[in-house]
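Q: This is the structure, below, for whatever I ask next.
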Amino acid sequence: MHRYIFLTISTFLIATHIIGQEDTSLLKSLNPHSKSELSDLNEFIDSLVLVKMEEYHVPGTSLAIIQDGRKIYTKGYGFADLSNGREVNADLTGFRIASVTKTLTATAVMQLVEKGLLDLHTPIDEYLPDRNFSFLGDQSITMHHLLTHTAGFDLTDTGDAALKSEDVIPIERLVRYHMPSIVHPPGTVYSYSNFGYTLAGYIIQVISGIPYEEFISRNILIPLKMNNSNMSQPLSAPFADNLSKSYRWTDRQIEIQRDFTNTVPGGGLISTASDMSRYMQFHLNQGMLDSVRLLNKSNHQILTTQQYGSEGTKYGICYAFHENGWTGRRCLEHTGGQLGFLTLMTLIPETKTGIFITHNSRENAGAFRYDLARAIFDTLLFRKERYINLPASDNFTEKEAIKYEGNYIQLNRPHSTFEKIGTLFGFAAQTSTVRYAKNGKLLIDGNEYVKLNERVFHENDEKGTWNVAFKLDENGVAEQLVAGLTSYKRIKWYEATILHQIILGFSFFLLLINFLKRPLAKLTELSKGRVTRQRRVPLLSKWIYWTGTLFVLGFFGILLNSMIYQGQLSDYGVPISLKIPFVLNTIGGILSLYAPTALYQLWQSKAEKQSSIVWKAILVISIILVAIGFWHYHIIGFWY
């Protein structure tokens, strides 16, 4: 298959200039059984990368490959700076590796554990200098919780970045005053958190007595000779000169303005493919590189052992590293995405194979890194299938399935900020539907699952690796569904997102019609060249119109901000242009408190036509429903 792919796409190379730097000893460390199959490795990867760069409109990319624990390939392709024609250099060009930084933070934590300075399961209160931290409460958070994203912090990105280096919030001030609310009991729900990792970085700083960035440099970057990696803000020369620019594709490449991160331990490292090749070797060699051991084997084993995830599968999280089996083998990986940059680092401990891919375009290019990684892994290792003996499912009855059937909603979603509005449109939360399949199987989101035991079901595929697990209440009835890292809560019929969309959407539509009615009527009059004498408008009608108008303007103000700022709506803090719609909605919410009185007045009214009374009553009810919906989704008030 791969030989065919190579022959097909290699024709692209005839007319294409290959840009980049290449390790000339690529095949030296390949194991003997694969040399004959990989004699064309260089050409295959070159052609694959260039075709995929064209397909996904990627200006520049850099990658590194490790086999048998040794580097066999590093190369840069394309441009780091289009306007100046600066090419990507795998040794020198820095890319923002974003959340892959978390693996360094977790490694640093394990170094402190190894020295006896930190315990993974001791409440972090013991390490904080005082209790003047806004997130502290009755819940006990441990480093174990922080490193597995199970500390219970709400899902939010608000305030995690800055447009100028002088606006970066120091790590101590961030964790004292800007942490998200705790919305889940620690240890119960996986909720990805840059802020949680920043707190872990702060604890590293407190225990070590030196800044987090300095600790990482002294204890990881310098010993591993990652000489072209840095996380200072702003970058000093030559790091700043070698940093790749990032781009967004919209029929042409548009350069994205450089920003800075407030959550450095969660995503602040800038590195090169060559440096990251050494970092991968360090992990694939279980904590050692070039006879320099930074972590003993037992602690490295703890670092890379699953701590939370889908029961009975290799889909979960270790400390920072995510564990899965999409390659056909157990692999450890982390991805990163930050303002135009995307990164993937995947390690396969069984074969000591690793791939690092980073590129400088994010728009519609998320699959680029996985397309490359999948093809390269399959070429290096050949796909390894997994077979299991599925149990017979004839004894799983419809009566038993009732315990599991229902609608479930994702728990790791925004709960306490205005970002909750995203769940209404499916941006921040997924739903899952569980039904009986009528053939002794359970149907979850359209896919069949076979019962393994009372709690665990396996996809109906003997080659499959995917399990889902249910959490049961004291009566043996499912209350949660866990798929991979994602937990879903079983919901009542009135909690269904689709129901909220219908009710809120229809109510808002009626208010929008009422809002447009006046200006459209006025325009119609003007177009016909006549002006009707102004009639006295009843106070109740004014209240209905202006309360509905505030909600209409407030909602469209939020929508406009979302369109303008796109994925960075509140990353740099909540802009004044977004606060204004919150003010409008809040005033509308206050005015809506008059609604019960308004309904009573309409009930008692005898001065108007019945049709007018009914229409106004419908509008008042719409105001009530919109107000409740806006309050529930946190766009009435100032939830940030």
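Each chain in the structure tokens gets a letter, A, B and so on, in the order shown; residues start at 1 in every chain, and ligands are counted from 1 in the order they appear.
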Based on DSSP run over this structure's backbone, return all residues of region 283-469 of chain A in strand (DSSP E or B), as a PyMOL selection string.

A: chain A and resi 288-289+292-293+308-309+316-317+322-324+331-338+341-348+353-359+361+406-410+431-436+442-444+447-451+456-459+467-469

Q: Can you build me a table of region 303-404 of chain A residues sitting at most 7 Å from region 89-111 of chain A, with the closest atom pair per residue and its distance in Å to one decimal, using only C-alpha atoms, sorted by chain and residue number, as CSV?

A:
```
residue,atom,partner,partner_atom,distance
A:Tyr319,CA,A:Ala106,CA,6.1
A:Ala320,CA,A:Thr103,CA,5.2
A:Phe321,CA,A:Thr103,CA,6.3
A:His334,CA,A:Val100,CA,5.5
A:Thr335,CA,A:Val100,CA,5.8
A:Gly336,CA,A:Ser99,CA,4.4
A:Gly337,CA,A:Ala98,CA,5.7
A:Gln338,CA,A:Ala98,CA,5.7
A:Phe341,CA,A:Arg96,CA,6.3
A:Thr343,CA,A:Ile97,CA,5.7
A:Thr358,CA,A:Phe95,CA,6.9
```

Q: Could you tell me which of A:Leu174, A:Ile564, A:Cys318, A:Leu41 comes closest to Thr148 (chain A) if we count only C-alpha atoms?

A: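 Closest to Thr148 (chain A) of all the choices is A:Cys318.
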
Q: When you look at region 584-595 of chain A with a cut-off of 10 Å (counting only C-alpha atoms), what residues show up, excluding the ones that are within fewer than 3 positions of it in the same chain? I need them as a ChimeraX atom specification.

A: /A:540,543-544,546-555,557,579-581,598-601,617,619-628,630-631,635-638

Q: Could those selected residues go to a file with N, CA and C atoms, as a compact mmCIF listing (two decimals), in the first residue's frame?

A:
```txt
# COMPACT_ATOMS: atom_id res chain seq x y z
N LEU A 540 -47.46 49.57 28.91
CA LEU A 540 -47.20 48.13 28.84
C LEU A 540 -46.57 47.75 27.51
N TRP A 543 -42.99 48.79 27.53
CA TRP A 543 -42.18 47.86 28.33
C TRP A 543 -41.86 46.61 27.53
N ILE A 544 -42.88 46.04 26.86
CA ILE A 544 -42.67 44.83 26.07
C ILE A 544 -41.63 45.09 24.97
N TRP A 546 -39.26 47.54 24.61
CA TRP A 546 -37.89 47.87 25.00
C TRP A 546 -37.19 46.76 25.77
N THR A 547 -37.93 45.98 26.53
CA THR A 547 -37.31 44.83 27.21
C THR A 547 -36.86 43.81 26.18
N GLY A 548 -37.73 43.50 25.20
CA GLY A 548 -37.36 42.58 24.14
C GLY A 548 -36.21 43.11 23.30
N THR A 549 -36.23 44.43 23.05
CA THR A 549 -35.17 45.05 22.25
C THR A 549 -33.81 44.92 22.93
N LEU A 550 -33.77 45.11 24.24
CA LEU A 550 -32.51 44.97 24.97
C LEU A 550 -31.94 43.56 24.82
N PHE A 551 -32.82 42.55 24.91
CA PHE A 551 -32.37 41.16 24.75
C PHE A 551 -31.88 40.90 23.32
N VAL A 552 -32.59 41.44 22.34
CA VAL A 552 -32.20 41.25 20.94
C VAL A 552 -30.84 41.89 20.68
N LEU A 553 -30.67 43.15 21.11
CA LEU A 553 -29.40 43.85 20.89
C LEU A 553 -28.26 43.20 21.68
N GLY A 554 -28.57 42.75 22.89
CA GLY A 554 -27.54 42.11 23.72
C GLY A 554 -27.06 40.82 23.09
N PHE A 555 -27.99 40.00 22.59
CA PHE A 555 -27.59 38.73 22.00
C PHE A 555 -26.79 38.94 20.72
N GLY A 557 -25.08 41.48 19.96
CA GLY A 557 -23.78 42.04 20.34
C GLY A 557 -22.79 40.95 20.69
N LYS A 579 -18.59 43.53 27.03
CA LYS A 579 -19.24 43.92 28.29
C LYS A 579 -20.53 44.70 28.03
N ILE A 580 -20.56 45.48 26.93
CA ILE A 580 -21.76 46.27 26.62
C ILE A 580 -22.98 45.37 26.41
N PRO A 581 -22.89 44.28 25.61
CA PRO A 581 -24.05 43.38 25.50
C PRO A 581 -24.47 42.78 26.84
N ALA A 598 -47.22 42.27 34.31
CA ALA A 598 -47.69 42.54 32.95
C ALA A 598 -48.74 41.52 32.53
N LEU A 599 -48.52 40.25 32.84
CA LEU A 599 -49.49 39.22 32.49
C LEU A 599 -50.81 39.43 33.23
N TYR A 600 -50.72 39.84 34.49
CA TYR A 600 -51.93 40.11 35.27
C TYR A 600 -52.71 41.26 34.65
N GLN A 601 -52.00 42.32 34.23
CA GLN A 601 -52.66 43.47 33.61
C GLN A 601 -53.36 43.07 32.31
N ALA A 617 -49.51 38.89 25.35
CA ALA A 617 -49.26 37.85 26.37
C ALA A 617 -48.18 36.88 25.89
N LEU A 619 -45.77 37.62 23.83
CA LEU A 619 -44.50 38.33 23.91
C LEU A 619 -43.98 38.40 25.35
N VAL A 620 -44.89 38.60 26.31
CA VAL A 620 -44.47 38.64 27.71
C VAL A 620 -43.92 37.28 28.13
N ILE A 621 -44.59 36.20 27.73
CA ILE A 621 -44.10 34.86 28.05
C ILE A 621 -42.75 34.64 27.38
N SER A 622 -42.59 35.14 26.16
CA SER A 622 -41.30 35.03 25.46
C SER A 622 -40.21 35.75 26.23
N ILE A 623 -40.53 36.93 26.76
CA ILE A 623 -39.56 37.69 27.57
C ILE A 623 -39.15 36.87 28.80
N ILE A 624 -40.13 36.24 29.44
CA ILE A 624 -39.83 35.41 30.62
C ILE A 624 -38.90 34.26 30.25
N LEU A 625 -39.21 33.57 29.15
CA LEU A 625 -38.41 32.41 28.75
C LEU A 625 -37.00 32.83 28.32
N VAL A 626 -36.90 33.93 27.59
CA VAL A 626 -35.58 34.41 27.18
C VAL A 626 -34.76 34.83 28.39
N ALA A 627 -35.40 35.52 29.33
CA ALA A 627 -34.70 35.96 30.54
C ALA A 627 -34.18 34.76 31.33
N ILE A 628 -35.02 33.73 31.47
CA ILE A 628 -34.59 32.52 32.19
C ILE A 628 -33.45 31.85 31.44
N PHE A 630 -31.29 33.20 29.22
CA PHE A 630 -30.09 34.02 29.27
C PHE A 630 -29.43 33.94 30.64
N TRP A 631 -30.23 33.89 31.70
CA TRP A 631 -29.66 33.75 33.04
C TRP A 631 -29.02 32.38 33.21
N ILE A 635 -25.50 34.91 30.34
CA ILE A 635 -25.27 36.14 29.57
C ILE A 635 -26.15 37.27 30.09
N ILE A 636 -26.82 37.05 31.20
CA ILE A 636 -27.36 38.12 32.05
C ILE A 636 -26.44 38.17 33.26
N GLY A 637 -25.92 39.35 33.55
CA GLY A 637 -24.94 39.47 34.63
C GLY A 637 -23.54 39.50 34.04
N PHE A 638 -22.57 39.36 34.91
CA PHE A 638 -21.16 39.50 34.50
C PHE A 638 -20.39 38.28 35.01
```

Q: Counting only C-alpha atoms, which of A:Tyr190, A:Trp615, A:Tyr370, A:Phe44 gets nearest to Gln410 (chain A)?

A: A:Tyr190

Q: Considering only C-alpha atoms, can you say which of A:Leu424, A:Leu380, A:Leu303, A:Val468 comes closest to Leu504 (chain A)?

A: A:Leu424
